[in-house]
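**Student:** Pasting final.txt below, which is compact mmCIF, C-alpha atoms.
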# COMPACT_ATOMS: atom_id res chain seq x y z
CA MET K 1 -20.56 -2.34 -39.32
CA GLN K 2 -22.55 0.46 -37.67
CA SER K 3 -25.25 -1.97 -36.51
CA ARG K 4 -22.56 -4.17 -34.97
CA ASN K 5 -21.10 -1.15 -33.17
CA ARG K 6 -24.52 -0.18 -31.86
CA ALA K 7 -25.05 -3.73 -30.60
CA ALA K 8 -21.66 -3.70 -28.87
CA TYR K 9 -22.38 -0.40 -27.15
CA GLY K 10 -25.82 -1.69 -26.25
CA PHE K 11 -24.25 -4.58 -24.34
CA LEU K 12 -21.76 -2.20 -22.70
CA ALA K 13 -24.44 0.34 -21.77
CA PRO K 14 -25.44 -1.25 -18.40
CA TYR K 15 -21.81 -1.37 -17.24
CA LEU K 16 -21.09 2.16 -18.49
CA LEU K 17 -24.19 3.44 -16.71
CA ILE K 18 -23.23 1.78 -13.42
CA PHE K 19 -19.63 2.99 -13.83
CA ALA K 20 -20.81 6.55 -14.38
CA ILE K 21 -23.19 6.49 -11.41
CA PHE K 22 -20.92 4.83 -8.87
CA TRP K 23 -17.46 5.99 -10.05
CA ILE K 24 -17.47 9.05 -12.30
CA TRP K 25 -20.20 10.98 -10.50
CA PRO K 26 -18.76 10.41 -6.96
CA ILE K 27 -15.31 11.54 -8.16
CA ILE K 28 -16.73 14.74 -9.64
CA ARG K 29 -19.04 15.33 -6.68
CA SER K 30 -16.30 14.87 -4.09
CA PHE K 31 -14.08 17.31 -5.98
CA THR K 32 -16.74 20.01 -5.96
CA MET K 33 -17.50 19.18 -2.33
CA SER K 34 -13.89 19.94 -1.38
CA PHE K 35 -14.61 23.60 -2.22
CA GLN K 36 -17.73 23.77 -0.08
CA ASN K 37 -18.23 24.44 3.61
CA THR K 38 -20.21 21.36 4.63
CA ARG K 39 -20.41 22.28 8.31
CA ILE K 40 -23.30 24.65 7.70
CA ASN K 41 -26.72 24.18 6.16
CA PRO K 42 -27.08 24.82 3.27
CA TRP K 43 -23.59 24.03 2.04
CA THR K 44 -21.85 27.07 0.56
CA PHE K 45 -18.92 27.62 -1.79
CA SER K 46 -15.94 28.40 0.46
CA PRO K 47 -12.55 27.07 -0.75
CA GLY K 48 -10.72 28.36 2.29
CA ALA K 49 -12.91 26.35 4.66
CA ASN K 50 -11.23 23.12 3.54
CA TRP K 51 -8.10 23.82 1.47
CA GLY K 52 -7.09 26.73 3.68
CA ARG K 53 -7.51 24.61 6.78
CA LEU K 54 -5.63 21.69 5.20
CA PHE K 55 -2.35 23.60 4.95
CA LEU K 56 -2.62 24.90 8.52
CA ASP K 57 -3.95 21.82 10.31
CA PRO K 58 -1.33 20.22 12.62
CA ALA K 59 -3.42 17.03 12.73
CA PHE K 60 -3.08 16.71 8.95
CA TYR K 61 0.71 17.14 9.12
CA ASN K 62 0.88 14.57 11.92
CA ALA K 63 -1.01 12.05 9.76
CA LEU K 64 1.16 12.93 6.75
CA LYS K 65 4.34 12.46 8.81
CA ASN K 66 3.23 9.05 10.08
CA THR K 67 2.24 7.95 6.58
CA MET K 68 5.58 9.06 5.11
CA ILE K 69 7.55 7.28 7.87
CA ILE K 70 5.69 4.04 7.16
CA LEU K 71 6.09 4.46 3.39
CA VAL K 72 9.81 5.30 3.45
CA ILE K 73 10.71 2.41 5.77
CA GLN K 74 8.15 -0.27 4.97
CA VAL K 75 8.10 -0.20 1.16
CA PRO K 76 11.88 -0.70 0.60
CA VAL K 77 12.05 -3.37 3.31
CA MET K 78 9.04 -5.21 1.93
CA ILE K 79 10.18 -5.08 -1.70
CA THR K 80 13.67 -6.29 -0.74
CA LEU K 81 12.20 -9.13 1.31
CA ALA K 82 9.75 -10.00 -1.48
CA THR K 83 12.59 -10.16 -4.02
CA VAL K 84 14.61 -12.51 -1.80
CA MET K 85 11.54 -14.68 -1.23
CA ALA K 86 10.84 -14.81 -4.98
CA VAL K 87 14.41 -15.91 -5.71
CA LEU K 88 14.16 -18.66 -3.09
CA LEU K 89 10.79 -19.79 -4.45
CA ASN K 90 12.30 -19.96 -7.93
CA SER K 91 15.27 -22.04 -6.81
CA SER K 92 15.60 -25.49 -8.36
CA LEU K 93 16.72 -26.81 -4.96
CA LEU K 94 13.38 -26.01 -3.31
CA LYS K 95 10.94 -28.89 -2.94
CA ALA K 96 7.15 -28.55 -2.55
CA LYS K 97 7.16 -25.18 -4.30
CA GLY K 98 3.39 -25.06 -4.53
CA LEU K 99 3.05 -25.37 -0.77
CA PHE K 100 5.53 -22.58 -0.10
CA ARG K 101 3.92 -20.28 -2.67
CA PHE K 102 0.55 -20.78 -1.02
CA ALA K 103 2.06 -20.18 2.42
CA PHE K 104 3.64 -16.88 1.34
CA PHE K 105 0.45 -15.72 -0.40
CA ALA K 106 -1.90 -16.84 2.40
CA PRO K 107 -1.62 -13.65 4.55
CA VAL K 108 -3.41 -11.68 1.83
CA VAL K 109 -6.54 -13.84 2.09
CA VAL K 110 -6.62 -13.86 5.90
CA GLY K 111 -9.47 -11.75 7.28
CA GLU K 112 -8.32 -8.31 8.34
CA VAL K 113 -10.06 -8.45 11.72
CA ALA K 114 -8.62 -11.88 12.50
CA TYR K 115 -5.07 -10.94 11.57
CA ALA K 116 -5.31 -7.68 13.53
CA ALA K 117 -6.51 -9.58 16.60
CA VAL K 118 -3.62 -12.04 16.29
CA PHE K 119 -1.08 -9.21 16.09
CA ARG K 120 -2.61 -7.50 19.12
CA LEU K 121 -2.19 -10.73 21.07
CA MET K 122 1.33 -11.42 19.82
CA PHE K 123 2.57 -7.93 20.76
CA ASN K 124 0.72 -7.68 24.07
CA LEU K 125 2.89 -6.20 26.83
CA ASP K 126 2.09 -8.79 29.49
CA PHE K 127 1.63 -12.12 27.71
CA GLY K 128 2.55 -11.54 24.05
CA ILE K 129 4.94 -14.01 22.47
CA ILE K 130 7.10 -11.25 20.98
CA ASN K 131 7.97 -9.78 24.37
CA LYS K 132 8.53 -13.30 25.72
CA LEU K 133 11.09 -13.90 22.95
CA LEU K 134 12.74 -10.55 23.64
CA ASN K 135 13.00 -11.43 27.34
CA THR K 136 14.76 -14.71 26.53
CA VAL K 137 17.62 -12.78 24.89
CA GLY K 138 17.85 -10.21 27.68
CA ILE K 139 15.78 -7.42 26.12
CA ALA K 140 13.16 -5.73 28.27
CA SER K 141 9.51 -5.91 27.25
CA ILE K 142 8.35 -3.16 24.89
CA SER K 143 5.06 -1.32 25.28
CA TRP K 144 4.07 -1.71 21.63
CA PHE K 145 0.72 0.05 22.05
CA ALA K 146 1.73 2.77 24.53
CA GLU K 147 4.72 4.32 22.72
CA ALA K 148 4.35 5.94 19.29
CA PRO K 149 7.71 4.75 17.79
CA ALA K 150 7.03 1.17 18.90
CA ALA K 151 3.46 1.33 17.57
CA LEU K 152 4.72 2.61 14.20
CA ALA K 153 7.25 -0.23 14.11
CA LEU K 154 4.41 -2.65 14.85
CA LEU K 155 2.41 -1.29 11.89
CA ILE K 156 5.43 -1.65 9.60
CA ILE K 157 5.91 -5.27 10.72
CA ALA K 158 2.21 -6.06 10.24
CA VAL K 159 1.93 -4.51 6.77
CA THR K 160 5.17 -6.18 5.67
CA TRP K 161 3.94 -9.58 6.88
CA ARG K 162 0.65 -9.15 5.06
CA TRP K 163 1.92 -7.95 1.66
CA ALA K 164 5.48 -9.26 1.24
CA GLY K 165 4.26 -12.63 -0.02
CA TYR K 166 1.83 -11.00 -2.44
CA ASN K 167 4.66 -8.98 -4.01
CA ALA K 168 6.92 -12.03 -3.96
CA ILE K 169 4.45 -13.94 -6.17
CA ILE K 170 4.39 -11.04 -8.66
CA ILE K 171 8.19 -10.87 -8.74
CA LEU K 172 8.33 -14.67 -9.06
CA ALA K 173 6.25 -14.41 -12.23
CA GLY K 174 8.82 -11.93 -13.55
CA LEU K 175 11.68 -14.27 -12.64
CA GLN K 176 10.06 -17.16 -14.50
CA SER K 177 9.76 -15.02 -17.64
CA ILE K 178 13.55 -14.58 -17.86
CA PRO K 179 14.96 -17.04 -20.45
CA ASP K 180 17.24 -19.77 -19.08
CA ASP K 181 19.60 -19.19 -22.01
CA VAL K 182 20.78 -15.94 -20.42
CA TYR K 183 21.92 -17.73 -17.25
CA GLU K 184 23.43 -20.62 -19.19
CA ALA K 185 25.56 -18.23 -21.22
CA ALA K 186 26.67 -16.43 -18.05
CA THR K 187 27.53 -19.75 -16.39
CA LEU K 188 29.65 -20.76 -19.39
CA ASP K 189 31.49 -17.46 -19.03
CA ARG K 190 32.13 -18.40 -15.37
CA VAL K 191 30.03 -15.57 -13.95
CA SER K 192 29.21 -16.21 -10.30
CA LYS K 193 25.61 -16.59 -9.12
CA LEU K 194 25.84 -13.34 -7.17
CA ARG K 195 27.03 -11.38 -10.20
CA GLN K 196 24.31 -13.02 -12.31
CA PHE K 197 21.73 -11.81 -9.81
CA ILE K 198 23.12 -8.25 -9.71
CA TYR K 199 23.84 -7.75 -13.42
CA ILE K 200 21.22 -10.01 -15.06
CA THR K 201 18.29 -10.73 -12.76
CA LEU K 202 17.79 -7.31 -11.17
CA PRO K 203 18.00 -5.30 -14.44
CA LEU K 204 15.52 -7.65 -16.13
CA LEU K 205 13.22 -7.45 -13.10
CA ARG K 206 13.27 -3.64 -13.07
CA PRO K 207 9.77 -3.18 -14.60
CA ILE K 208 8.22 -5.78 -12.26
CA ILE K 209 9.86 -4.29 -9.16
CA LEU K 210 8.76 -0.79 -10.19
CA PHE K 211 5.23 -2.08 -10.60
CA CYS K 212 5.32 -3.53 -7.07
CA VAL K 213 6.79 -0.30 -5.70
CA VAL K 214 4.05 1.82 -7.25
CA LEU K 215 1.34 -0.52 -5.93
CA SER K 216 2.93 -0.43 -2.48
CA ILE K 217 3.14 3.37 -2.49
CA ILE K 218 -0.54 3.65 -3.35
CA GLY K 219 -1.40 1.12 -0.64
CA SER K 220 0.71 2.95 1.96
CA MET K 221 -0.96 6.26 1.16
CA GLN K 222 -4.35 4.60 1.75
CA LEU K 223 -3.32 2.66 4.87
CA PHE K 224 -6.33 2.36 7.16
CA THR K 225 -7.01 -1.16 8.43
CA GLU K 226 -3.85 -1.66 10.48
CA PRO K 227 -3.87 1.64 12.42
CA PHE K 228 -7.63 1.36 12.93
CA LEU K 229 -7.68 -2.23 14.22
CA ILE K 230 -4.20 -2.95 15.57
CA THR K 231 -3.22 0.33 17.25
CA ASN K 232 -6.78 1.26 18.24
CA ARG K 233 -7.65 4.02 15.78
CA GLY K 234 -4.23 5.58 15.43
CA GLY K 235 -3.11 5.48 19.03
CA PRO K 236 -1.34 6.24 21.20
CA GLY K 237 -2.42 9.88 21.03
CA GLY K 238 -2.46 10.00 17.22
CA GLY K 239 1.05 8.53 17.05
CA THR K 240 0.02 6.08 14.32
CA GLU K 241 -2.79 8.03 12.66
CA THR K 242 -2.35 7.81 8.89
CA LEU K 243 -3.90 9.90 6.13
CA GLY K 244 -6.46 7.20 5.44
CA LEU K 245 -7.50 7.11 9.09
CA PHE K 246 -7.50 10.92 9.30
CA LEU K 247 -9.79 11.07 6.26
CA TYR K 248 -12.14 8.52 7.87
CA ARG K 249 -12.24 10.49 11.12
CA GLN K 250 -13.07 13.75 9.36
CA GLY K 251 -15.63 12.26 6.97
CA PHE K 252 -17.44 9.65 9.04
CA THR K 253 -16.83 10.69 12.64
CA SER K 254 -16.94 14.49 12.36
CA LEU K 255 -19.19 14.38 9.24
CA ASN K 256 -17.06 17.11 7.66
CA PHE K 257 -17.40 15.79 4.12
CA GLY K 258 -15.86 18.82 2.42
CA TYR K 259 -12.66 18.61 4.44
CA ALA K 260 -12.54 14.82 3.96
CA SER K 261 -12.82 15.35 0.18
CA ALA K 262 -9.90 17.80 0.25
CA ILE K 263 -7.84 15.25 2.19
CA ALA K 264 -8.76 12.51 -0.30
CA TYR K 265 -7.61 14.56 -3.30
CA THR K 266 -4.42 15.51 -1.48
CA MET K 267 -3.71 11.83 -0.84
CA ALA K 268 -4.34 11.00 -4.50
CA ALA K 269 -2.06 13.82 -5.67
CA LEU K 270 0.75 12.74 -3.31
CA ALA K 271 0.44 9.10 -4.41
CA ILE K 272 0.64 10.13 -8.08
CA LEU K 273 3.63 12.43 -7.51
CA ILE K 274 5.61 9.88 -5.49
CA SER K 275 4.80 7.11 -7.98
CA LEU K 276 5.88 9.27 -10.94
CA LEU K 277 9.10 10.12 -9.10
CA ASN K 278 9.81 6.41 -8.60
CA LEU K 279 9.06 5.68 -12.25
CA TRP K 280 11.42 8.48 -13.27
CA VAL K 281 14.20 7.29 -10.96
CA GLY K 282 13.77 3.67 -12.09
CA ARG K 283 13.44 4.39 -15.80
CA GLU K 284 15.52 2.45 -18.28
CA PRO K 285 18.85 4.20 -19.04
CA LYS K 286 19.13 5.43 -22.60
Could I get this file's structure written as structure tokens?
**Tutor:**
Amino acid sequence: MQSRNRAAYGFLAPYLLIFAIFWIWPIIRSFTMSFQNTRINPWTFSPGANWGRLFLDPAFYNALKNTMIILVIQVPVMITLATVMAVLLNSSLLKAKGLFRFAFFAPVVVGEVAYAAVFRLMFNLDFGIINKLLNTVGIASISWFAEAPAALALLIIAVTWRWAGYNAIIILAGLQSIPDDVYEAATLDRVSKLRQFIYITLPLLRPIILFCVVLSIIGSMQLFTEPFLITNRGGPGGGTETLGLFLYRQGFTSLNFGYASAIAYTMAALAILISLLNLWVGREPK
């Protein structure tokens, strides 16, 4: 038995070594770096240089505010839309289900640069199709890239378009795991489809929806691609700068690695706290 265990660990050793070098060590090193002043040479231990600045930095609070606005609005809208899409995809009346499932999932595999370029064209002030459609119903053109509220709304639309289908496929898998006998019994008892959805489907989907919510919260806390590519690095004037973009600017533009490490651990702590809160709120009643 011991020789078999040694052989097993021998096969795992290359992976464990790579995992330790490229995951464990960077996590530990970035944590210690968050307590060092990396703007001087040599780096010195100075917790206040990063953590003290973090709690007083208006740029950090601006990025946190923008991230929270996107999270609070986008995640509920996306999960609601994904649930509706999953129910429609699961309907027995729908034909060519495979085609529709691929169409809803396709945005995830689209290249980030390509999809950002398309959104920049669609929401262009002068010739974008979105403003053209708004004009046809009597609404004036919106400067999506020049006004912070409009730019935030654009990010919410873009992220929802990209990830709603992905979450819908996950929720669809949960729907298909619900036994048909439950619905047949409810139908025999003359329970309407709406009441079946509210009192049967949603409670049974609770773990799946919570899983999607937690994934979406983590993704929102790390949001970087959309504000970087679509709204031109968090513009206008930092109006769409998120924590992920703020971390990038501090670490790779200003080369302030200690401060960037402090921001990264703050983001991780916030994501964990918000996710735990959602798990507590959505826990099964005793």
**Student:** Which value, in Å to one decimal, gives the distance between atom CA of K:Asn278 and atom CA of K:Arg162?
**Tutor:**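 Calculated distance between atom CA of K:Asn278 and atom CA of K:Arg162 is 22.6 Å.
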**Student:** Of the candidates K:Leu152, K:Ile40, K:Ala140, K:Ile178, which shows the shortest atom-to-atom distance to K:Lys65, using all atoms listed in the file?
**Tutor:**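 Selected residue with least distance to K:Lys65: K:Leu152.
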**Student:** Report, in Å to a single decimal, how far apart atom CA of K:Gln196 and atom CA of K:Tyr183 are.
**Tutor:**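 It comes out at 7.2 Å.
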**Student:** Which residues, written as a PyMOL selection string, have at least one atom at most 10 Å from K:Pro47, with all atoms listed in the file counted and residues fewer than 6 positions away on the same chain left out?
**Tutor:** chain K and resi 32-37+53+258-259+262
**Student:** How many Å separate atom CA of K:Met85 from atom CA of K:Gly165?
**Tutor:**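 Between atom CA of K:Met85 and atom CA of K:Gly165 the gap is 7.7 Å.
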**Student:** Considering only C-alpha atoms, can you say which of K:Val113, K:Leu202, K:Ile157, K:Ala173 comes closest to K:Leu229?
**Tutor:** K:Val113
**Student:** Considering all atoms listed in the file, return as a PyMOL selection string whatever protein or nucleic-acid residues lie within 10 Å of K:Phe224, sequence-local ones (same chain, fewer than 4 positions apart) excluded.
**Tutor:** chain K and resi 219-220+228-229+233-234+241-248
**Student:** Can I get the selected residues back with C-alpha atoms, as a PDB file, in the frame of the given file?
**Tutor:**
ATOM      1  CA  GLY K 219      -1.400   1.120  -0.640  1.00  0.00           C
ATOM      2  CA  SER K 220       0.710   2.950   1.960  1.00  0.00           C
ATOM      3  CA  PHE K 228      -7.630   1.360  12.930  1.00  0.00           C
ATOM      4  CA  LEU K 229      -7.680  -2.230  14.220  1.00  0.00           C
ATOM      5  CA  ARG K 233      -7.650   4.020  15.780  1.00  0.00           C
ATOM      6  CA  GLY K 234      -4.230   5.580  15.430  1.00  0.00           C
ATOM      7  CA  GLU K 241      -2.790   8.030  12.660  1.00  0.00           C
ATOM      8  CA  THR K 242      -2.350   7.810   8.890  1.00  0.00           C
ATOM      9  CA  LEU K 243      -3.900   9.900   6.130  1.00  0.00           C
ATOM     10  CA  GLY K 244      -6.460   7.200   5.440  1.00  0.00           C
ATOM     11  CA  LEU K 245      -7.500   7.110   9.090  1.00  0.00           C
ATOM     12  CA  PHE K 246      -7.500  10.920   9.300  1.00  0.00           C
ATOM     13  CA  LEU K 247      -9.790  11.070   6.260  1.00  0.00           C
ATOM     14  CA  TYR K 248     -12.140   8.520   7.870  1.00  0.00           C
TER      15      TYR K 248
END
